[in-house]
Every structure is written in structure tokens, then in C-alpha cells.
$ cat final.pdb   # PDB, C-alpha atoms
ATOM      1  CA  MET A  24      29.828  10.765 -10.249
ATOM      2  CA  GLU A  25      29.237  13.312  -7.505
ATOM      3  CA  LEU A  26      25.619  14.026  -6.646
ATOM      4  CA  SER A  27      24.576  17.661  -6.656
ATOM      5  CA  PRO A  28      22.510  18.784  -3.622
ATOM      6  CA  ARG A  29      19.430  19.002  -5.834
ATOM      7  CA  GLU A  30      19.962  15.500  -7.240
ATOM      8  CA  ALA A  31      20.562  14.156  -3.750
ATOM      9  CA  LEU A  32      17.405  15.749  -2.349
ATOM     10  CA  ASN A  33      15.407  14.447  -5.315
ATOM     11  CA  LEU A  34      16.703  10.946  -4.494
ATOM     12  CA  VAL A  35      15.662  11.435  -0.877
ATOM     13  CA  SER A  36      12.199  12.592  -1.890
ATOM     14  CA  ALA A  37      11.668   9.735  -4.358
ATOM     15  CA  THR A  38      12.858   7.152  -1.818
ATOM     16  CA  GLU A  39      10.619   8.575   0.916
ATOM     17  CA  SER A  40       7.695   8.375  -1.472
ATOM     18  CA  ARG A  41       8.438   4.729  -2.342
ATOM     19  CA  ALA A  42       8.826   3.846   1.333
ATOM     20  CA  ARG A  43       5.459   5.437   2.114
ATOM     21  CA  GLU A  44       3.795   3.620  -0.766
ATOM     22  CA  GLN A  45       5.281   0.271   0.335
ATOM     23  CA  ARG A  46       4.074   0.842   3.870
ATOM     24  CA  PHE A  47       0.540   1.522   2.674
ATOM     25  CA  TYR A  48       0.559  -1.608   0.527
ATOM     26  CA  ARG A  49       1.700  -3.724   3.503
ATOM     27  CA  PHE A  50      -1.027  -2.277   5.678
ATOM     28  CA  SER A  51      -3.827  -2.588   3.140
ATOM     29  CA  SER A  52      -3.134  -5.933   1.449
ATOM     30  CA  PRO A  53      -4.815  -8.119   4.143
ATOM     31  CA  HIS A  54      -7.930  -5.939   3.889
ATOM     32  CA  LEU A  55      -8.168  -6.517   0.151
ATOM     33  CA  VAL A  56      -7.886 -10.275   0.656
ATOM     34  CA  LEU A  57     -10.543 -10.148   3.383
ATOM     35  CA  TRP A  58     -13.025  -8.196   1.271
ATOM     36  CA  GLY A  59     -12.224 -10.392  -1.699
ATOM     37  CA  VAL A  60     -13.308 -13.441   0.286
ATOM     38  CA  ILE A  61     -16.455 -11.580   1.378
ATOM     39  CA  TRP A  62     -17.285 -10.697  -2.236
ATOM     40  CA  VAL A  63     -16.716 -14.294  -3.377
ATOM     41  CA  ILE A  64     -19.140 -15.575  -0.735
ATOM     42  CA  GLY A  65     -21.603 -12.702  -1.130
ATOM     43  CA  TYR A  66     -21.827 -12.671  -4.921
ATOM     44  CA  THR A  67     -21.874 -16.461  -5.217
ATOM     45  CA  GLY A  68     -24.690 -16.545  -2.672
ATOM     46  CA  SER A  69     -26.465 -13.762  -4.554
ATOM     47  CA  GLY A  70     -26.494 -15.986  -7.617
ATOM     48  CA  LEU A  71     -27.852 -18.971  -5.740
ATOM     49  CA  LEU A  72     -30.303 -17.497  -3.222
ATOM     50  CA  PRO A  73     -33.775 -16.086  -3.830
ATOM     51  CA  VAL A  74     -33.658 -12.323  -4.287
ATOM     52  CA  ARG A  75     -35.533 -11.677  -1.031
ATOM     53  CA  ASP A  76     -32.791 -13.449   0.953
ATOM     54  CA  ILE A  77     -29.767 -11.672  -0.521
ATOM     55  CA  ASN A  78     -29.650  -8.935   2.129
ATOM     56  CA  TYR A  79     -29.667 -11.579   4.879
ATOM     57  CA  LEU A  80     -26.410 -12.810   3.381
ATOM     58  CA  TRP A  81     -24.715  -9.482   2.689
ATOM     59  CA  LEU A  82     -25.476  -7.629   5.905
ATOM     60  CA  PRO A  83     -23.761 -10.141   8.231
ATOM     61  CA  LEU A  84     -20.898 -10.541   5.728
ATOM     62  CA  ILE A  85     -20.268  -6.799   5.718
ATOM     63  CA  ALA A  86     -20.497  -6.651   9.513
ATOM     64  CA  ALA A  87     -18.022  -9.540   9.756
ATOM     65  CA  GLY A  88     -15.693  -7.755   7.334
ATOM     66  CA  ILE A  89     -15.666  -4.615   9.468
ATOM     67  CA  VAL A  90     -15.046  -6.568  12.696
ATOM     68  CA  VAL A  91     -12.353  -8.848  11.266
ATOM     69  CA  GLY A  92     -10.723  -5.903   9.504
ATOM     70  CA  GLY A  93     -10.295  -4.275  12.896
ATOM     71  CA  PHE A  94      -7.972  -7.121  13.902
ATOM     72  CA  PHE A  95      -5.703  -6.342  10.937
ATOM     73  CA  ARG A  96      -4.841  -2.915  12.279
ATOM     74  CA  ARG A  97      -1.066  -2.520  12.271
ATOM     75  CA  LYS A  98      -0.208   0.504  14.322
ATOM     76  CA  ASP A  99       3.448  -0.463  13.970
ATOM     77  CA  ILE A 100       3.283  -0.061  10.183
ATOM     78  CA  MET A 101       0.993   2.922   9.903
ATOM     79  CA  PRO A 102      -0.299   4.421  13.149
ATOM     80  CA  HIS A 103      -3.129   6.397  11.593
ATOM     81  CA  ALA A 104      -3.727   4.325   8.484
ATOM     82  CA  ALA A 105      -7.107   2.955   9.535
ATOM     83  CA  THR A 106      -8.438   6.475  10.073
ATOM     84  CA  LYS A 107      -6.997   7.660   6.770
ATOM     85  CA  ALA A 108      -8.418   4.660   4.901
ATOM     86  CA  TRP A 109     -11.890   5.277   6.313
ATOM     87  CA  LEU A 110     -11.651   8.954   5.392
ATOM     88  CA  MET A 111     -10.670   8.004   1.847
ATOM     89  CA  MET A 112     -13.521   5.484   1.534
ATOM     90  CA  LEU A 113     -16.124   7.680   3.227
ATOM     91  CA  PRO A 114     -16.955   9.851   0.181
ATOM     92  CA  ALA A 115     -17.471   6.677  -1.879
ATOM     93  CA  LEU A 116     -19.725   5.223   0.813
ATOM     94  CA  VAL A 117     -21.797   8.405   1.043
ATOM     95  CA  PHE A 118     -21.992   8.579  -2.741
ATOM     96  CA  TYR A 119     -23.148   4.946  -2.858
ATOM     97  CA  ILE A 120     -25.952   5.459  -0.350
ATOM     98  CA  VAL A 121     -27.129   8.797  -1.763
ATOM     99  CA  THR A 122     -27.105   7.509  -5.347
ATOM    100  CA  LEU A 123     -29.200   4.465  -4.408
ATOM    101  CA  ILE A 124     -31.740   6.780  -2.787
ATOM    102  CA  VAL A 125     -31.818   9.224  -5.690
ATOM    103  CA  MET A 126     -31.614   6.815  -8.633
ATOM    104  CA  GLN A 127     -33.746   3.976  -7.166
ATOM    105  CA  PRO A 128     -32.319   1.106  -9.257
ATOM    106  CA  GLN A 129     -34.956  -1.365 -10.376
ATOM    107  CA  GLN A 130     -32.927  -4.329 -11.561
ATOM    108  CA  LEU A 131     -30.915  -6.747  -9.444
ATOM    109  CA  ALA A 132     -27.981  -6.440 -11.836
ATOM    110  CA  GLN A 133     -27.791  -2.713 -11.092
ATOM    111  CA  PHE A 134     -27.664  -3.399  -7.353
ATOM    112  CA  MET A 135     -24.902  -5.900  -7.954
ATOM    113  CA  ILE A 136     -22.642  -3.846 -10.193
ATOM    114  CA  PHE A 137     -23.002  -0.531  -8.408
ATOM    115  CA  PRO A 138     -20.900  -1.346  -5.296
ATOM    116  CA  VAL A 139     -18.184  -2.760  -7.563
ATOM    117  CA  LEU A 140     -18.075   0.513  -9.488
ATOM    118  CA  CYS A 141     -18.026   2.588  -6.294
ATOM    119  CA  VAL A 142     -15.136   0.551  -4.902
ATOM    120  CA  ALA A 143     -13.339   0.760  -8.254
ATOM    121  CA  VAL A 144     -13.611   4.548  -8.313
ATOM    122  CA  ALA A 145     -12.562   4.808  -4.645
ATOM    123  CA  TYR A 146      -9.485   2.659  -5.316
ATOM    124  CA  ALA A 147      -8.576   4.594  -8.431
ATOM    125  CA  TYR A 148      -8.841   7.844  -6.481
ATOM    126  CA  MET A 149      -6.809   6.358  -3.630
ATOM    127  CA  GLY A 150      -4.212   5.249  -6.142
ATOM    128  CA  ILE A 151      -3.511   8.828  -7.128
ATOM    129  CA  PHE A 152      -2.494   9.669  -3.572
ATOM    130  CA  ALA A 153      -1.443   6.442  -1.904
ATOM    131  CA  GLY A 154       0.138   4.277  -4.611
ATOM    132  CA  MET A 155      -0.393   3.609  -8.295
ATOM    133  CA  GLY A 156      -1.090  -0.070  -7.587
ATOM    134  CA  TYR A 157      -4.552   0.959  -6.418
ATOM    135  CA  LEU A 158      -5.201   2.849  -9.641
ATOM    136  CA  TRP A 159      -4.613  -0.348 -11.629
ATOM    137  CA  ILE A 160      -6.761  -2.392  -9.245
ATOM    138  CA  GLY A 161      -9.634   0.103  -9.479
ATOM    139  CA  THR A 162      -9.397   0.247 -13.254
ATOM    140  CA  ALA A 163      -9.361  -3.542 -13.604
ATOM    141  CA  LEU A 164     -12.348  -3.892 -11.266
ATOM    142  CA  ALA A 165     -14.370  -1.353 -13.231
ATOM    143  CA  VAL A 166     -13.521  -2.769 -16.661
ATOM    144  CA  LEU A 167     -14.107  -6.401 -15.702
ATOM    145  CA  GLY A 168     -17.229  -5.601 -13.695
ATOM    146  CA  LEU A 169     -18.782  -3.609 -16.509
ATOM    147  CA  GLY A 170     -17.799  -6.310 -18.985
ATOM    148  CA  GLY A 171     -19.870  -8.774 -17.015
ATOM    149  CA  TYR A 172     -22.764  -6.336 -16.597
ATOM    150  CA  PHE A 173     -23.088  -5.679 -20.327
ATOM    151  CA  PHE A 174     -22.000  -8.983 -21.868
ATOM    152  CA  LEU A 175     -22.669 -11.681 -19.255
ATOM    153  CA  PRO A 176     -25.890 -10.647 -17.500
ATOM    154  CA  SER A 177     -27.111 -14.195 -16.978
ATOM    155  CA  ILE A 178     -24.078 -15.108 -14.872
ATOM    156  CA  LEU A 179     -23.308 -11.669 -13.471
ATOM    157  CA  PRO A 180     -23.212 -12.630  -9.752
ATOM    158  CA  PHE A 181     -20.818 -15.502 -10.422
ATOM    159  CA  TRP A 182     -18.718 -13.295 -12.735
ATOM    160  CA  LEU A 183     -18.491 -10.649  -9.997
ATOM    161  CA  ALA A 184     -17.589 -13.332  -7.451
ATOM    162  CA  ALA A 185     -14.752 -14.479  -9.707
ATOM    163  CA  VAL A 186     -13.363 -11.206 -11.072
ATOM    164  CA  GLY A 187     -14.441  -8.929  -8.241
ATOM    165  CA  GLY A 188     -13.841 -11.168  -5.260
ATOM    166  CA  GLY A 189     -11.079 -13.168  -6.875
ATOM    167  CA  GLY A 190      -9.607  -9.974  -8.228
ATOM    168  CA  LEU A 191      -9.454  -8.370  -4.772
ATOM    169  CA  ILE A 192      -7.783 -11.468  -3.310
ATOM    170  CA  ALA A 193      -5.221 -11.541  -6.118
ATOM    171  CA  SER A 194      -4.693  -7.795  -5.764
ATOM    172  CA  GLY A 195      -4.064  -8.084  -2.051
ATOM    173  CA  LEU A 196      -1.467 -10.769  -2.629
ATOM    174  CA  TRP A 197       0.084  -8.751  -5.460
ATOM    175  CA  LEU A 198       0.364  -5.606  -3.324
ATOM    176  CA  ARG A 199       2.091  -7.619  -0.603
ATOM    177  CA  SER A 200       4.837  -8.539  -3.039
ATOM    178  CA  ARG A 201       5.369  -5.020  -4.415
TER     179      ARG A 201
ATOM    180  CA  MET B 181      29.195  19.256   6.561
ATOM    181  CA  LEU B 182      28.780  16.739   3.757
ATOM    182  CA  ASP B 183      28.889  13.160   4.993
ATOM    183  CA  GLU B 184      30.871  11.423   2.225
ATOM    184  CA  LEU B 185      29.786   8.026   3.502
ATOM    185  CA  ILE B 186      26.097   8.839   3.049
ATOM    186  CA  HIS B 187      26.565  11.004  -0.038
ATOM    187  CA  GLN B 188      26.563   8.162  -2.562
ATOM    188  CA  PRO B 189      23.365   7.431  -4.543
ATOM    189  CA  LEU B 190      22.522   3.976  -3.212
ATOM    190  CA  ARG B 191      23.749   4.631   0.326
ATOM    191  CA  LEU B 192      21.687   7.823   0.429
ATOM    192  CA  LYS B 193      18.633   5.840  -0.686
ATOM    193  CA  LEU B 194      19.402   3.158   1.908
ATOM    194  CA  MET B 195      19.713   5.671   4.699
ATOM    195  CA  THR B 196      16.519   7.422   3.563
ATOM    196  CA  ALA B 197      14.566   4.147   3.466
ATOM    197  CA  LEU B 198      15.817   3.076   6.895
ATOM    198  CA  TYR B 199      15.271   6.538   8.369
ATOM    199  CA  ALA B 200      11.672   6.541   7.052
ATOM    200  CA  GLU B 201      11.058   3.254   8.913
ATOM    201  CA  ARG B 202      13.068   4.138  12.025
ATOM    202  CA  ASN B 203      10.102   3.856  14.411
ATOM    203  CA  LEU B 204       8.735   0.704  12.829
ATOM    204  CA  GLU B 205       9.993  -2.847  12.426
ATOM    205  CA  PRO B 206      13.429  -3.345  10.796
ATOM    206  CA  LEU B 207      13.291  -3.701   7.022
ATOM    207  CA  ASP B 208      14.107  -7.032   5.418
ATOM    208  CA  PHE B 209      16.265  -7.260   2.308
ATOM    209  CA  PRO B 210      13.464  -7.762  -0.233
ATOM    210  CA  ARG B 211      11.719  -4.604   1.019
ATOM    211  CA  ILE B 212      14.927  -2.621   1.057
ATOM    212  CA  LYS B 213      15.596  -3.720  -2.525
ATOM    213  CA  ARG B 214      12.120  -2.693  -3.654
ATOM    214  CA  ILE B 215      12.304   0.725  -1.993
ATOM    215  CA  THR B 216      15.844   1.514  -3.158
ATOM    216  CA  GLU B 217      15.664  -0.373  -6.495
ATOM    217  CA  ALA B 218      19.033  -1.954  -5.711
ATOM    218  CA  THR B 219      20.484  -5.272  -6.854
ATOM    219  CA  ASP B 220      21.628  -7.980  -4.419
ATOM    220  CA  GLY B 221      25.360  -7.444  -4.992
ATOM    221  CA  ASN B 222      25.159  -3.688  -4.624
ATOM    222  CA  LEU B 223      22.964  -3.839  -1.574
ATOM    223  CA  GLY B 224      25.169  -6.149   0.481
ATOM    224  CA  SER B 225      28.368  -4.160   0.080
ATOM    225  CA  HIS B 226      26.766  -0.795   0.795
ATOM    226  CA  LEU B 227      24.935  -2.108   3.846
ATOM    227  CA  THR B 228      28.227  -3.488   5.155
ATOM    228  CA  THR B 229      29.871  -0.085   4.676
ATOM    229  CA  LEU B 230      27.099   1.630   6.603
ATOM    230  CA  GLU B 231      27.194  -1.014   9.322
ATOM    231  CA  LYS B 232      30.966  -0.575   9.796
ATOM    232  CA  ALA B 233      30.391   3.160  10.229
ATOM    233  CA  GLY B 234      27.840   2.420  12.956
ATOM    234  CA  TYR B 235      25.009   4.015  10.982
ATOM    235  CA  ILE B 236      22.912   0.882  10.702
ATOM    236  CA  GLU B 237      22.491  -2.419  12.474
ATOM    237  CA  ILE B 238      22.118  -5.706  10.591
ATOM    238  CA  LEU B 239      19.858  -8.218  12.352
ATOM    239  CA  LYS B 240      19.897 -11.907  11.517
ATOM    240  CA  ASP B 241      17.216 -14.264  12.779
ATOM    241  CA  PHE B 242      14.799 -16.909  11.561
ATOM    242  CA  LEU B 243      11.241 -16.587  10.335
ATOM    243  CA  GLY B 244      10.073 -20.090  11.050
ATOM    244  CA  LYS B 245      12.879 -22.147   9.563
ATOM    245  CA  LYS B 246      13.860 -19.545   6.987
ATOM    246  CA  PRO B 247      16.880 -17.325   7.750
ATOM    247  CA  ARG B 248      16.067 -13.662   7.602
ATOM    248  CA  THR B 249      18.291 -10.596   7.448
ATOM    249  CA  ARG B 250      16.963  -7.167   8.310
ATOM    250  CA  ALA B 251      18.429  -3.715   8.773
ATOM    251  CA  LYS B 252      17.647  -0.854  11.101
ATOM    252  CA  ILE B 253      19.131   2.624  11.350
ATOM    253  CA  THR B 254      20.985   3.366  14.600
ATOM    254  CA  ALA B 255      20.729   6.498  16.722
ATOM    255  CA  SER B 256      24.039   7.769  15.369
ATOM    256  CA  GLY B 257      22.884   6.916  11.850
ATOM    257  CA  GLN B 258      19.727   8.968  12.349
ATOM    258  CA  LYS B 259      21.768  11.915  13.615
ATOM    259  CA  ALA B 260      24.225  11.676  10.715
ATOM    260  CA  TYR B 261      21.427  11.364   8.158
ATOM    261  CA  ARG B 262      19.499  14.353   9.521
ATOM    262  CA  ALA B 263      22.651  16.461   9.555
ATOM    263  CA  HIS B 264      23.499  15.434   5.993
ATOM    264  CA  VAL B 265      20.026  16.226   4.618
ATOM    265  CA  ALA B 266      19.973  19.537   6.496
ATOM    266  CA  TYR B 267      23.338  20.419   4.954
ATOM    267  CA  LEU B 268      22.071  19.510   1.468
ATOM    268  CA  ARG B 269      19.072  21.803   1.958
ATOM    269  CA  GLU B 270      21.347  24.568   3.149
ATOM    270  CA  LEU B 271      23.540  24.199   0.065
ATOM    271  CA  LEU B 272      20.508  24.253  -2.188
ATOM    272  CA  GLU B 273      19.195  27.410  -0.559
ATOM    273  CA  GLN B 274      22.580  29.031  -1.044
ATOM    274  CA  GLY B 275      22.255  28.300  -4.744
ATOM    275  CA  GLU B 276      24.822  25.549  -5.017
ATOM    276  CA  GLY B 277      22.325  23.044  -6.498
TER     277      GLY B 277
END

$ encode --input "final.pdb" --output "C-alpha cells"
Amino acid sequence: MELSPREALNLVSATESRAREQRFYRFSSPHLVLWGVIWVIGYTGSGLLPVRDINYLWLPLIAAGIVVGGFFRRKDIMPHAATKAWLMMLPALVFYIVTLIVMQPQQLAQFMIFPVLCVAVAYAYMGIFAGMGYLWIGTALAVLGLGGYFFLPSILPFWLAAVGGGGLIASGLWLRSR
Amino acid sequence: MLDELIHQPLRLKLMTALYAERNLEPLDFPRIKRITEATDGNLGSHLTTLEKAGYIEILKDFLGKKPRTRAKITASGQKAYRAHVAYLRELLEQGEG
């Protein structure tokens, strides 16, 4: 069956879109695995350490994540991807900081769940533009995180380590295979 | 001028996928399949057709001990693809679509 010009150009457009999406998944999957490992360590430690020591765990973990993430830059896959990713995450980061200042959470559980929700929303938003895989990841993170917050408060940090951290690791591996 | 070799649904998708990655590393078969939604049997024969026309290059090497086959669009393939897409756009603008 002969392709009409319109059908052919639609095929071209759809294929270009899939190629772009694949490229973004290849670039971003190691970062998800990295941050998944950080969340596993951070949230597990948050469940085991005294509250006053939790920041001493998270701050170096986050710094390590940023430094190690820099080594994953793949200019051959996506020359400007790192810049674009930061620009996409920046509103979520600003929102996170400003909301903490304005809302002043009082409970440890609120401090724990809030970054998960911010990341979930950022991923869902990213999914709309960069690939639907991220929309599913963001949605799963939010649903599972909130499930733990409301129904498993006594083990919340360990729940977040498992479903948040473990979820990010699994998501990174899943994106690599898509 | 319509390039009959490229103007076939899967070959057009193949050329588009390889053109999109032309400045990056060659694409391996699993990635090509995912982008073009092709099956193994289909993919092999169409890639061979494009290779015989000089539009793509098939590269065989090893990743560790595992054999790997990848494809990359050639300079003449890029030229042919660009000309074909430009012609399609021209036809569409003329109301042939």
C-alpha cells in the first residue's frame, strides 16, 4: 500500500519522537539508579539514626549524588541533556525549599514524605514532555509514598527506602530496557 | 523526487531513526526495533536492502564476548533521506497529501 505524503510525514514525526524519548531514557536511567541508591541509604539511615543526626547523613549523600551524577553525563547521547534536566527539576527544587519555609512542617514524617512528593510531581511533569515512562514513575512514587505516610507511619522511613529508593532503582533499570 | 527505496513504511522509519541518531553512536538492533516497532524478520531484510543501496552501514563487533550488530546512516543515506523528506513536504504543501 502506497504511503501518502501526509502518512509518510506522520510516520517520520512519530519515529523522531520515539527516538528522542529513547535517547532521554538512556541518558537518565543511570541517574535514577544513583538517586535510588541514595534514597535507600538515606531513608534507611533516617529510620535508624536519632533525629538530630539525620541531616548529617542526607547532606553528604546529596552532595555525593550531585558529584557522581556529573560523571554520568553523556554528551554523545544528549549534548544538552544535563542542562535541560536541571531546568526541568529547578521549579520543583524551588517549590520544595519555599514550601518548607512557608509551611514549617512540624513532624518528621512530613519532612520525609515531602521530597518524595516533589520528585513525583517533577517526574510526572517531565513525563508529559520527555517520555510517558516518567509519568508512570512519578505517579507510582506519589501513590506508594502517600500510602506509607497514611497507613504505615511507624515504618515510614523504611517504606520510603524500599518503595522510593527501590522504586527509583527499578525504574532506572526499566527505562534502560524501553 | 520520491525515493522509492525509502518510501516504504518500515524503511522510512528505519531511515528516520538512523538519521535522528546520525551524530551519535550507531544504533544496535534492540534499540532500532523499539524505535521502529519492527519485528526481527522484517528488520533484517529491510536493513539489508538499505545497506545494498549504500544508505546505511551495518557494523558487527563484540560487546565483551557477546556479538553485536549496529547500524549507522551513511553520508549518501543522509542526503537521500533529507531530499526525500523535503519532497514529501513539498507534495503536502501542493495539496497532494

$ interface_residues --input "final.pdb" --of "chain B" --to "chain A" --cutoff "12 Å" --atoms "only C-alpha atoms" --output "VMD selection string"
chain B and resid 182 184 186 to 207 210 to 218 261 to 262 264 to 277

$ resolve_selection --input "final.pdb" --expression "the PyMOL selection byres ((chain A and resi 187) around 10)" --output "list in words"
Trp58, Gly59, Val60, Trp62, Val63, Tyr66, Ile136, Val139, Ala143, Ala163, Leu164, Ala165, Leu167, Gly168, Pro180, Phe181, Trp182, Leu183, Ala184, Ala185, Val186, Gly188, Gly189, Gly190, Leu191, Ile192 and Ala193 of chain A

$ atom_distance --input "final.pdb" --atom1 "atom CA of A:Val90" --atom2 "atom CA of A:Gly156"
25.5 Å

$ atom_distance --input "final.pdb" --atom1 "atom CA of A:Gly150" --atom2 "atom CA of A:Ser194"
13.1 Å

$ residues_around --input "final.pdb" --residues "A:Ile61" --least-positions-apart "3" --cutoff "8 Å" --atoms "all atoms listed in the file" --output "PyMOL selection string"
chain A and resi 57-58+64-65+84-85+88+188

$ write_last_selection --input "final.pdb" --atoms "C-alpha atoms" --output "compact mmCIF listing (two decimals), in the frame of the given file"
# COMPACT_ATOMS: atom_id res chain seq x y z
CA LEU A 57 -10.54 -10.15 3.38
CA TRP A 58 -13.02 -8.20 1.27
CA ILE A 64 -19.14 -15.58 -0.74
CA GLY A 65 -21.60 -12.70 -1.13
CA LEU A 84 -20.90 -10.54 5.73
CA ILE A 85 -20.27 -6.80 5.72
CA GLY A 88 -15.69 -7.76 7.33
CA GLY A 188 -13.84 -11.17 -5.26

$ resolve_selection --input "final.pdb" --expression "the PyMOL selection byres ((chain B and resi 235-242) around 9)" --output "PDB file with C-alpha atoms, keeping the file's coordinate frame"
ATOM      1  CA  MET B 195      19.713   5.671   4.699  1.00  0.00           C
ATOM      2  CA  LEU B 198      15.817   3.076   6.895  1.00  0.00           C
ATOM      3  CA  PRO B 206      13.429  -3.345  10.796  1.00  0.00           C
ATOM      4  CA  LEU B 227      24.935  -2.108   3.846  1.00  0.00           C
ATOM      5  CA  THR B 228      28.227  -3.488   5.155  1.00  0.00           C
ATOM      6  CA  THR B 229      29.871  -0.085   4.676  1.00  0.00           C
ATOM      7  CA  LEU B 230      27.099   1.630   6.603  1.00  0.00           C
ATOM      8  CA  GLU B 231      27.194  -1.014   9.322  1.00  0.00           C
ATOM      9  CA  LYS B 232      30.966  -0.575   9.796  1.00  0.00           C
ATOM     10  CA  ALA B 233      30.391   3.160  10.229  1.00  0.00           C
ATOM     11  CA  GLY B 234      27.840   2.420  12.956  1.00  0.00           C
ATOM     12  CA  LEU B 243      11.241 -16.587  10.335  1.00  0.00           C
ATOM     13  CA  GLY B 244      10.073 -20.090  11.050  1.00  0.00           C
ATOM     14  CA  LYS B 245      12.879 -22.147   9.563  1.00  0.00           C
ATOM     15  CA  LYS B 246      13.860 -19.545   6.987  1.00  0.00           C
ATOM     16  CA  PRO B 247      16.880 -17.325   7.750  1.00  0.00           C
ATOM     17  CA  ARG B 248      16.067 -13.662   7.602  1.00  0.00           C
ATOM     18  CA  THR B 249      18.291 -10.596   7.448  1.00  0.00           C
ATOM     19  CA  ARG B 250      16.963  -7.167   8.310  1.00  0.00           C
ATOM     20  CA  ALA B 251      18.429  -3.715   8.773  1.00  0.00           C
ATOM     21  CA  LYS B 252      17.647  -0.854  11.101  1.00  0.00           C
ATOM     22  CA  ILE B 253      19.131   2.624  11.350  1.00  0.00           C
ATOM     23  CA  THR B 254      20.985   3.366  14.600  1.00  0.00           C
ATOM     24  CA  ALA B 255      20.729   6.498  16.722  1.00  0.00           C
ATOM     25  CA  SER B 256      24.039   7.769  15.369  1.00  0.00           C
ATOM     26  CA  GLY B 257      22.884   6.916  11.850  1.00  0.00           C
ATOM     27  CA  GLN B 258      19.727   8.968  12.349  1.00  0.00           C
ATOM     28  CA  LYS B 259      21.768  11.915  13.615  1.00  0.00           C
ATOM     29  CA  ALA B 260      24.225  11.676  10.715  1.00  0.00           C
ATOM     30  CA  TYR B 261      21.427  11.364   8.158  1.00  0.00           C
TER      31      TYR B 261
END

$ atom_distance --input "final.pdb" --atom1 "atom CA of A:Ala145" --atom2 "atom CA of A:Met112"
6.3 Å

$ axis_aligned_box --input "final.pdb" --around "stretch 256-275 of chain B" --padding-each-side "5 Å" --output "lines of an AutoDock Vina configuration file"
center_x = 21.6
center_y = 18.0
center_z = 5.3
size_x = 15.2
size_y = 32.1
size_z = 30.1

$ resolve_selection --input "final.pdb" --expression "the PyMOL selection byres ((chain A and resi 133) around 12)" --output "number ranges by chain"
A: 122-123, 126-132, 134-140, 168-169, 171-173, 176, 179-180

$ closest_residue --input "final.pdb" --among "A:Val142, A:Pro73, A:Trp109, A:Leu198" --to "A:Gly161" --atoms "all atoms listed in the file"
A:Val142
